[in-house]
$ cat data_2.cif   # mmCIF, C-alpha atoms
data_my_file
loop_
_atom_site.group_PDB
_atom_site.id
_atom_site.type_symbol
_atom_site.label_atom_id
_atom_site.label_comp_id
_atom_site.auth_asym_id
_atom_site.auth_seq_id
_atom_site.Cartn_x
_atom_site.Cartn_y
_atom_site.Cartn_z
ATOM 1 C CA MET A 44 90.274 101.676 123.672
ATOM 2 C CA ILE A 45 87.241 103.082 125.445
ATOM 3 C CA LEU A 46 85.422 104.091 122.233
ATOM 4 C CA LEU A 47 86.195 100.731 120.623
ATOM 5 C CA LYS A 48 85.012 98.803 123.706
ATOM 6 C CA GLN A 49 81.822 100.899 123.819
ATOM 7 C CA TYR A 50 81.284 100.247 120.114
ATOM 8 C CA LEU A 51 81.694 96.500 120.586
ATOM 9 C CA ASP A 52 79.409 96.461 123.635
ATOM 10 C CA THR A 53 76.613 98.339 121.856
ATOM 11 C CA GLN A 54 76.870 96.680 118.441
ATOM 12 C CA PHE A 55 77.503 93.003 119.144
ATOM 13 C CA ASP A 56 76.379 90.238 121.462
ATOM 14 C CA LEU A 57 79.822 89.291 122.769
ATOM 15 C CA SER A 58 80.860 87.947 126.125
ATOM 16 C CA GLU A 59 83.357 89.943 128.147
ATOM 17 C CA ASP A 60 86.001 87.302 127.344
ATOM 18 C CA GLU A 61 85.281 87.601 123.603
ATOM 19 C CA THR A 62 85.547 91.379 123.770
ATOM 20 C CA ASP A 63 88.775 91.182 125.787
ATOM 21 C CA LYS A 64 90.242 88.693 123.294
ATOM 22 C CA PHE A 65 89.488 91.068 120.428
ATOM 23 C CA LEU A 66 90.947 94.057 122.227
ATOM 24 C CA SER A 67 94.093 92.052 123.028
ATOM 25 C CA ILE A 68 94.898 91.565 119.319
ATOM 26 C CA GLY A 69 94.567 95.279 118.561
ATOM 27 C CA HIS A 70 97.607 97.375 117.741
ATOM 28 C CA LYS A 71 97.502 101.106 118.444
ATOM 29 C CA PHE A 72 98.188 103.460 115.558
ATOM 30 C CA GLU A 73 98.726 107.191 115.442
ATOM 31 C CA ALA A 74 98.892 109.052 112.180
ATOM 32 C CA GLU A 75 99.659 112.689 111.618
ATOM 33 C CA GLN A 76 97.686 114.588 109.000
ATOM 34 C CA GLY A 77 98.883 113.437 105.577
ATOM 35 C CA HIS A 78 100.286 110.095 106.783
ATOM 36 C CA TYR A 79 99.485 107.012 104.694
ATOM 37 C CA LEU A 80 98.057 103.931 106.410
ATOM 38 C CA LEU A 81 98.078 102.073 103.091
ATOM 39 C CA LYS A 82 99.750 102.893 99.804
ATOM 40 C CA SER A 83 98.943 101.676 96.340
ATOM 41 C CA GLU A 84 100.748 98.417 95.539
ATOM 42 C CA GLN A 85 100.690 97.294 99.205
ATOM 43 C CA VAL A 86 98.433 94.450 100.285
ATOM 44 C CA SER A 87 95.667 95.516 102.659
ATOM 45 C CA ASN A 88 96.006 92.999 105.485
ATOM 46 C CA ARG A 89 94.800 95.221 108.320
ATOM 47 C CA VAL A 90 91.409 96.448 109.427
ATOM 48 C CA PHE A 91 91.583 99.873 111.066
ATOM 49 C CA PHE A 92 89.203 101.185 113.706
ATOM 50 C CA VAL A 93 89.240 104.989 113.769
ATOM 51 C CA GLN A 94 89.144 106.169 117.363
ATOM 52 C CA GLU A 95 89.890 109.800 116.559
ATOM 53 C CA GLY A 96 90.314 111.707 113.321
ATOM 54 C CA ILE A 97 89.324 111.400 109.680
ATOM 55 C CA ILE A 98 90.776 109.067 107.056
ATOM 56 C CA ARG A 99 90.139 108.969 103.343
ATOM 57 C CA GLU A 100 90.523 106.304 100.706
ATOM 58 C CA PHE A 101 91.624 107.684 97.354
ATOM 59 C CA GLU A 102 93.016 106.737 93.968
ATOM 60 C CA LYS A 103 95.526 108.573 91.829
ATOM 61 C CA GLU A 104 94.889 109.071 88.133
ATOM 62 C CA GLY A 105 98.096 110.651 86.904
ATOM 63 C CA TYR A 106 98.472 113.778 88.993
ATOM 64 C CA LYS A 107 94.792 113.911 89.896
ATOM 65 C CA GLU A 108 93.471 112.378 93.105
ATOM 66 C CA LYS A 109 89.955 110.976 93.375
ATOM 67 C CA THR A 110 88.625 110.489 96.891
ATOM 68 C CA ILE A 111 86.601 107.308 97.119
ATOM 69 C CA TRP A 112 85.346 107.880 100.611
ATOM 70 C CA ILE A 113 85.931 109.622 103.883
ATOM 71 C CA LEU A 114 85.418 108.012 107.286
ATOM 72 C CA ASN A 115 85.678 109.372 110.783
ATOM 73 C CA GLU A 116 85.504 108.170 114.371
ATOM 74 C CA GLY A 117 83.708 104.934 115.163
ATOM 75 C CA ASN A 118 84.273 103.320 111.767
ATOM 76 C CA PHE A 119 86.228 100.325 110.539
ATOM 77 C CA LEU A 120 88.269 100.880 107.396
ATOM 78 C CA TYR A 121 90.224 98.675 105.009
ATOM 79 C CA ASN A 122 90.595 98.173 101.275
ATOM 80 C CA MET A 123 88.098 95.415 100.598
ATOM 81 C CA PRO A 124 89.367 94.118 97.204
ATOM 82 C CA SER A 125 92.975 93.837 98.379
ATOM 83 C CA TYR A 126 91.988 92.406 101.765
ATOM 84 C CA TYR A 127 90.012 89.521 100.255
ATOM 85 C CA THR A 128 92.180 88.767 97.234
ATOM 86 C CA THR A 129 95.599 89.534 98.792
ATOM 87 C CA ASN A 130 96.385 91.434 95.601
ATOM 88 C CA PRO A 131 98.068 94.819 95.959
ATOM 89 C CA ALA A 132 95.693 97.724 96.546
ATOM 90 C CA ASN A 133 95.117 100.251 93.786
ATOM 91 C CA CYS A 134 94.353 103.005 96.274
ATOM 92 C CA TYR A 135 95.664 104.802 99.327
ATOM 93 C CA LEU A 136 94.398 105.275 102.895
ATOM 94 C CA GLN A 137 95.484 108.649 104.256
ATOM 95 C CA ALA A 138 94.838 110.605 107.437
ATOM 96 C CA LEU A 139 93.108 113.908 106.606
ATOM 97 C CA THR A 140 93.483 115.023 110.219
ATOM 98 C CA ASN A 141 95.645 113.707 112.992
ATOM 99 C CA ALA A 142 94.160 110.289 113.600
ATOM 100 C CA SER A 143 94.498 107.442 116.042
ATOM 101 C CA GLY A 144 92.912 104.126 116.746
ATOM 102 C CA TYR A 145 93.654 100.472 116.418
ATOM 103 C CA TYR A 146 94.391 98.067 113.642
ATOM 104 C CA PHE A 147 93.837 94.355 113.538
ATOM 105 C CA LEU A 148 95.841 91.955 111.402
ATOM 106 C CA GLN A 149 93.828 89.807 109.042
ATOM 107 C CA SER A 150 95.451 86.620 110.376
ATOM 108 C CA ASP A 151 94.491 87.517 113.976
ATOM 109 C CA LEU A 152 90.922 88.303 112.954
ATOM 110 C CA GLU A 153 90.614 85.006 111.129
ATOM 111 C CA SER A 154 91.813 83.189 114.264
ATOM 112 C CA ILE A 155 89.255 84.722 116.616
ATOM 113 C CA VAL A 156 86.451 84.148 114.117
ATOM 114 C CA LYS A 157 87.366 80.434 114.076
ATOM 115 C CA GLU A 158 87.322 80.384 117.898
ATOM 116 C CA SER A 159 83.998 82.127 118.429
ATOM 117 C CA HIS A 160 80.634 81.846 116.736
ATOM 118 C CA ASN A 161 79.717 85.258 118.173
ATOM 119 C CA TRP A 162 82.762 86.769 116.486
ATOM 120 C CA ALA A 163 81.765 85.239 113.175
ATOM 121 C CA ILE A 164 78.416 87.015 113.527
ATOM 122 C CA ALA A 165 80.130 90.259 114.583
ATOM 123 C CA GLN A 166 82.482 90.070 111.604
ATOM 124 C CA THR A 167 79.508 89.656 109.288
ATOM 125 C CA ASP A 168 77.894 92.731 110.858
ATOM 126 C CA ILE A 169 81.090 94.760 110.387
ATOM 127 C CA TYR A 170 81.226 93.749 106.723
ATOM 128 C CA ARG A 171 77.526 94.506 106.311
ATOM 129 C CA LYS A 172 78.050 98.030 107.655
ATOM 130 C CA TYR A 173 80.998 98.467 105.315
ATOM 131 C CA LEU A 174 78.887 97.366 102.346
ATOM 132 C CA LEU A 175 76.151 99.807 103.356
ATOM 133 C CA GLN A 176 78.754 102.562 103.364
ATOM 134 C CA MET A 177 79.663 101.555 99.812
ATOM 135 C CA ILE A 178 75.994 101.771 98.820
ATOM 136 C CA TYR A 179 75.813 105.247 100.391
ATOM 137 C CA ARG A 180 78.858 106.292 98.367
ATOM 138 C CA ASN A 181 77.341 104.928 95.161
ATOM 139 C CA GLU A 182 74.061 106.766 95.842
ATOM 140 C CA LEU A 183 76.013 109.973 96.361
ATOM 141 C CA HIS A 184 77.776 109.650 93.028
ATOM 142 C CA ARG A 185 74.574 108.903 91.114
ATOM 143 C CA LEU A 186 73.100 112.245 92.183
ATOM 144 C CA LYS A 187 73.079 114.949 89.545
ATOM 145 C CA GLY A 188 74.404 118.365 90.410
ATOM 146 C CA ALA A 189 76.929 119.648 92.915
ATOM 147 C CA ALA A 190 74.258 121.047 95.264
ATOM 148 C CA ASN A 191 72.479 117.699 95.513
ATOM 149 C CA ARG A 192 75.729 115.875 96.237
ATOM 150 C CA LEU A 193 76.724 118.407 98.878
ATOM 151 C CA ASP A 194 73.285 118.165 100.528
ATOM 152 C CA PHE A 195 73.557 114.373 100.618
ATOM 153 C CA PHE A 196 77.079 114.507 102.043
ATOM 154 C CA GLU A 197 76.137 117.031 104.728
ATOM 155 C CA LYS A 198 73.078 115.004 105.707
ATOM 156 C CA HIS A 199 74.948 111.706 106.004
ATOM 157 C CA GLN A 200 78.300 112.940 107.316
ATOM 158 C CA PRO A 201 77.535 116.179 109.179
ATOM 159 C CA ASN A 202 80.468 116.008 111.584
ATOM 160 C CA ILE A 203 83.131 115.891 108.857
ATOM 161 C CA GLN A 204 82.584 118.882 106.589
ATOM 162 C CA ASN A 205 84.160 121.580 108.783
ATOM 163 C CA ARG A 206 87.142 119.452 109.782
ATOM 164 C CA ILE A 207 88.784 118.793 106.414
ATOM 165 C CA LYS A 208 89.985 120.771 103.433
ATOM 166 C CA LEU A 209 87.554 121.844 100.725
ATOM 167 C CA LYS A 210 89.679 120.095 98.094
ATOM 168 C CA ASP A 211 89.046 116.755 99.812
ATOM 169 C CA ILE A 212 85.300 117.339 100.031
ATOM 170 C CA ALA A 213 85.218 118.416 96.376
ATOM 171 C CA SER A 214 87.206 115.344 95.350
ATOM 172 C CA PHE A 215 84.796 113.074 97.243
ATOM 173 C CA LEU A 216 81.784 114.780 95.646
ATOM 174 C CA ASN A 217 83.463 114.499 92.227
ATOM 175 C CA ILE A 218 83.239 118.238 91.629
ATOM 176 C CA THR A 219 85.776 121.037 91.471
ATOM 177 C CA GLN A 220 86.629 123.293 94.390
ATOM 178 C CA VAL A 221 85.182 126.188 92.376
ATOM 179 C CA GLN A 222 81.838 124.365 92.068
ATOM 180 C CA LEU A 223 81.875 123.555 95.780
ATOM 181 C CA SER A 224 82.619 127.164 96.732
ATOM 182 C CA ARG A 225 79.902 128.433 94.402
ATOM 183 C CA VAL A 226 77.283 126.083 95.903
ATOM 184 C CA ARG A 227 78.279 127.056 99.432
ATOM 185 C CA ASN A 228 78.150 130.780 98.566
ATOM 186 C CA GLU A 229 74.733 130.438 96.923
ATOM 187 C CA ARG A 230 73.395 129.081 100.197
ATOM 188 C CA LYS A 231 74.490 132.140 102.172
#
$ encode --input "data_2.cif" --output "structure tokens"
Amino acid sequence: MILLKQYLDTQFDLSEDETDKFLSIGHKFEAEQGHYLLKSEQVSNRVFFVQEGIIREFEKEGYKEKTIWILNEGNFLYNMPSYYTTNPANCYLQALTNASGYYFLQSDLESIVKESHNWAIAQTDIYRKYLLQMIYRNELHRLKGAANRLDFFEKHQPNIQNRIKLKDIASFLNITQVQLSRVRNERK
């Protein structure tokens, strides 16, 4: 929990008791590469904090997978539409590498937010960061050309690209593996 405690201490104005209360409702998770943290048709009622590893959110369209986004250490992750509507998710959360961290049940988070004004502010900041990540993803997908998308990805997520499979990067960039390989080879 050291990374999570450091994150909380640097990001939010919480008392030690408020931080300890939050940490006490956390549940440790460990996921091997390929493990699903959420499957389509399940309700997303957990917020994950990635302590170690890389997790992707993706959709399936027939046999084709489309990666929505990829997050690594120091990030919170959940399926926003399912979390807020309690409708089943239409996507999956999957570990791309061995991953570990903590998850927090929605009901527990709602309780601490009711108990603490500082936690209400912290929750808003967490959601704000999540929304900014969505804006980043939308900017990425508006870019024309595989090279521009790869440049944007490498600039904004430099510590991910050499840790996951090319097929997952290509899926996130909405290009084929052949296009990704060609762009990478042209740079050499």
$ residues_around --input "data_2.cif" --residues "range 98-108 of chain A" --least-positions-apart "4" --cutoff "6 Å" --atoms "only C-alpha atoms" --output "compact mmCIF listing (two decimals) with C-alpha atoms, keeping the file's coordinate frame"
# COMPACT_ATOMS: atom_id res chain seq x y z
CA TRP A 112 85.35 107.88 100.61
CA ILE A 113 85.93 109.62 103.88
CA LEU A 114 85.42 108.01 107.29
CA CYS A 134 94.35 103.00 96.27
CA TYR A 135 95.66 104.80 99.33
CA LEU A 136 94.40 105.28 102.90
CA GLN A 137 95.48 108.65 104.26
CA ALA A 138 94.84 110.60 107.44
CA LEU A 139 93.11 113.91 106.61
$ atom_distance --input "data_2.cif" --atom1 "CA of Ala74 in chain A" --atom2 "CA of Ser143 in chain A"
6.1 Å
$ residues_around --input "data_2.cif" --residues "Arg192 in chain A" --least-positions-apart "6" --cutoff "9 Å" --atoms "only C-alpha atoms" --output "CSV table (one decimal) with C-alpha atoms, in the coordinates of the input"
chain,number,residue,atom,x,y,z
A,183,LEU,CA,76.0,110.0,96.4
A,184,HIS,CA,77.8,109.6,93.0
A,185,ARG,CA,74.6,108.9,91.1
A,186,LEU,CA,73.1,112.2,92.2
A,216,LEU,CA,81.8,114.8,95.6
A,217,ASN,CA,83.5,114.5,92.2
$ resolve_selection --input "data_2.cif" --expression "the PyMOL selection byres ((chain A and resi 130) around 12)" --output "PyMOL selection string"
chain A and resi 83-88+122-129+131-134
$ residues_around --input "data_2.cif" --residues "Thr140 in chain A" --least-positions-apart "4" --cutoff "7 Å" --atoms "all atoms listed in the file" --output "JSON, numbers by chain"
{"A": [75, 76, 96, 97]}
$ write_last_selection --input "data_2.cif" --atoms "C-alpha atoms" --output "PDB file, in the frame of the given file"
ATOM      1  CA  GLU A  75      99.659 112.689 111.618  1.00  0.00           C
ATOM      2  CA  GLN A  76      97.686 114.588 109.000  1.00  0.00           C
ATOM      3  CA  GLY A  96      90.314 111.707 113.321  1.00  0.00           C
ATOM      4  CA  ILE A  97      89.324 111.400 109.680  1.00  0.00           C
TER       5      ILE A  97
END
$ resolve_selection --input "data_2.cif" --expression "the PyMOL selection byres ((chain A and resi 90) around 12)" --output "number ranges by chain"
A: 68-72, 80-81, 86-89, 91-93, 118-123, 125-127, 136, 144-153, 166, 169-170, 173
$ write_last_selection --input "data_2.cif" --atoms "C-alpha atoms" --output "CSV table (one decimal), in the frame of the given file"
chain,number,residue,atom,x,y,z
A,68,ILE,CA,94.9,91.6,119.3
A,69,GLY,CA,94.6,95.3,118.6
A,70,HIS,CA,97.6,97.4,117.7
A,71,LYS,CA,97.5,101.1,118.4
A,72,PHE,CA,98.2,103.5,115.6
A,80,LEU,CA,98.1,103.9,106.4
A,81,LEU,CA,98.1,102.1,103.1
A,86,VAL,CA,98.4,94.4,100.3
A,87,SER,CA,95.7,95.5,102.7
A,88,ASN,CA,96.0,93.0,105.5
A,89,ARG,CA,94.8,95.2,108.3
A,91,PHE,CA,91.6,99.9,111.1
A,92,PHE,CA,89.2,101.2,113.7
A,93,VAL,CA,89.2,105.0,113.8
A,118,ASN,CA,84.3,103.3,111.8
A,119,PHE,CA,86.2,100.3,110.5
A,120,LEU,CA,88.3,100.9,107.4
A,121,TYR,CA,90.2,98.7,105.0
A,122,ASN,CA,90.6,98.2,101.3
A,123,MET,CA,88.1,95.4,100.6
A,125,SER,CA,93.0,93.8,98.4
A,126,TYR,CA,92.0,92.4,101.8
A,127,TYR,CA,90.0,89.5,100.3
A,136,LEU,CA,94.4,105.3,102.9
A,144,GLY,CA,92.9,104.1,116.7
A,145,TYR,CA,93.7,100.5,116.4
A,146,TYR,CA,94.4,98.1,113.6
A,147,PHE,CA,93.8,94.4,113.5
A,148,LEU,CA,95.8,92.0,111.4
A,149,GLN,CA,93.8,89.8,109.0
A,150,SER,CA,95.5,86.6,110.4
A,151,ASP,CA,94.5,87.5,114.0
A,152,LEU,CA,90.9,88.3,113.0
A,153,GLU,CA,90.6,85.0,111.1
A,166,GLN,CA,82.5,90.1,111.6
A,169,ILE,CA,81.1,94.8,110.4
A,170,TYR,CA,81.2,93.7,106.7
A,173,TYR,CA,81.0,98.5,105.3
$ resolve_selection --input "data_2.cif" --expression "the PyMOL selection byres ((chain A and resi 64) around 12)" --output "PDB file with C-alpha atoms, in the frame of the given file"
ATOM      1  CA  LYS A  48      85.012  98.803 123.706  1.00  0.00           C
ATOM      2  CA  LEU A  51      81.694  96.500 120.586  1.00  0.00           C
ATOM      3  CA  LEU A  57      79.822  89.291 122.769  1.00  0.00           C
ATOM      4  CA  SER A  58      80.860  87.947 126.125  1.00  0.00           C
ATOM      5  CA  GLU A  59      83.357  89.943 128.147  1.00  0.00           C
ATOM      6  CA  ASP A  60      86.001  87.302 127.344  1.00  0.00           C
ATOM      7  CA  GLU A  61      85.281  87.601 123.603  1.00  0.00           C
ATOM      8  CA  THR A  62      85.547  91.379 123.770  1.00  0.00           C
ATOM      9  CA  ASP A  63      88.775  91.182 125.787  1.00  0.00           C
ATOM     10  CA  PHE A  65      89.488  91.068 120.428  1.00  0.00           C
ATOM     11  CA  LEU A  66      90.947  94.057 122.227  1.00  0.00           C
ATOM     12  CA  SER A  67      94.093  92.052 123.028  1.00  0.00           C
ATOM     13  CA  ILE A  68      94.898  91.565 119.319  1.00  0.00           C
ATOM     14  CA  GLY A  69      94.567  95.279 118.561  1.00  0.00           C
ATOM     15  CA  PHE A 147      93.837  94.355 113.538  1.00  0.00           C
ATOM     16  CA  ASP A 151      94.491  87.517 113.976  1.00  0.00           C
ATOM     17  CA  LEU A 152      90.922  88.303 112.954  1.00  0.00           C
ATOM     18  CA  SER A 154      91.813  83.189 114.264  1.00  0.00           C
ATOM     19  CA  ILE A 155      89.255  84.722 116.616  1.00  0.00           C
ATOM     20  CA  VAL A 156      86.451  84.148 114.117  1.00  0.00           C
ATOM     21  CA  GLU A 158      87.322  80.384 117.898  1.00  0.00           C
ATOM     22  CA  SER A 159      83.998  82.127 118.429  1.00  0.00           C
ATOM     23  CA  TRP A 162      82.762  86.769 116.486  1.00  0.00           C
TER      24      TRP A 162
END
$ closest_residue --input "data_2.cif" --among "A:Lys187, A:Arg206, A:Arg171, A:His199" --to "Ile218 in chain A" --atoms "only C-alpha atoms"
A:Lys187
$ closest_residue --input "data_2.cif" --among "A:Asp56, A:Asn202, A:Gln220, A:Gly117" --to "Asp168 in chain A" --atoms "all atoms listed in the file"
A:Asp56
$ residues_near_point --input "data_2.cif" --point "(73.3, 120.5, 97.0)" --cutoff "12 Å" --atoms "all atoms listed in the file" --output "list in words"
Leu183, Leu186, Lys187, Gly188, Ala189, Ala190, Asn191, Arg192, Leu193, Asp194, Phe195, Phe196, Glu197, Lys198, Leu216, Ile218, Gln222, Leu223, Ser224, Arg225, Val226, Arg227, Asn228, Glu229 and Arg230 of chain A
$ write_last_selection --input "data_2.cif" --atoms "C-alpha atoms" --output "CSV table (one decimal), keeping the file's coordinate frame"
chain,number,residue,atom,x,y,z
A,183,LEU,CA,76.0,110.0,96.4
A,186,LEU,CA,73.1,112.2,92.2
A,187,LYS,CA,73.1,114.9,89.5
A,188,GLY,CA,74.4,118.4,90.4
A,189,ALA,CA,76.9,119.6,92.9
A,190,ALA,CA,74.3,121.0,95.3
A,191,ASN,CA,72.5,117.7,95.5
A,192,ARG,CA,75.7,115.9,96.2
A,193,LEU,CA,76.7,118.4,98.9
A,194,ASP,CA,73.3,118.2,100.5
A,195,PHE,CA,73.6,114.4,100.6
A,196,PHE,CA,77.1,114.5,102.0
A,197,GLU,CA,76.1,117.0,104.7
A,198,LYS,CA,73.1,115.0,105.7
A,216,LEU,CA,81.8,114.8,95.6
A,218,ILE,CA,83.2,118.2,91.6
A,222,GLN,CA,81.8,124.4,92.1
A,223,LEU,CA,81.9,123.6,95.8
A,224,SER,CA,82.6,127.2,96.7
A,225,ARG,CA,79.9,128.4,94.4
A,226,VAL,CA,77.3,126.1,95.9
A,227,ARG,CA,78.3,127.1,99.4
A,228,ASN,CA,78.2,130.8,98.6
A,229,GLU,CA,74.7,130.4,96.9
A,230,ARG,CA,73.4,129.1,100.2
$ closest_residue --input "data_2.cif" --among "A:Ile207, A:Ala165, A:Ile111, A:Met177" --to "Asn141 in chain A" --atoms "all atoms listed in the file"
A:Ile207
$ atom_distance --input "data_2.cif" --atom1 "CA of Gln204 in chain A" --atom2 "CA of Thr53 in chain A"
26.3 Å
$ atom_distance --input "data_2.cif" --atom1 "CA of Asn181 in chain A" --atom2 "CA of Thr110 in chain A"
12.7 Å
$ closest_residue --input "data_2.cif" --among "A:Ile45, A:Val221, A:Asn205, A:Phe215" --to "Arg180 in chain A" --atoms "only C-alpha atoms"
A:Phe215
$ axis_aligned_box --input "data_2.cif" --around "range 103-112 of chain A" --padding-each-side "4 Å" --output "JSON"
{"center_x": 91.9, "center_y": 110.6, "center_z": 93.8, "size_x": 21.1, "size_y": 14.6, "size_z": 21.7}
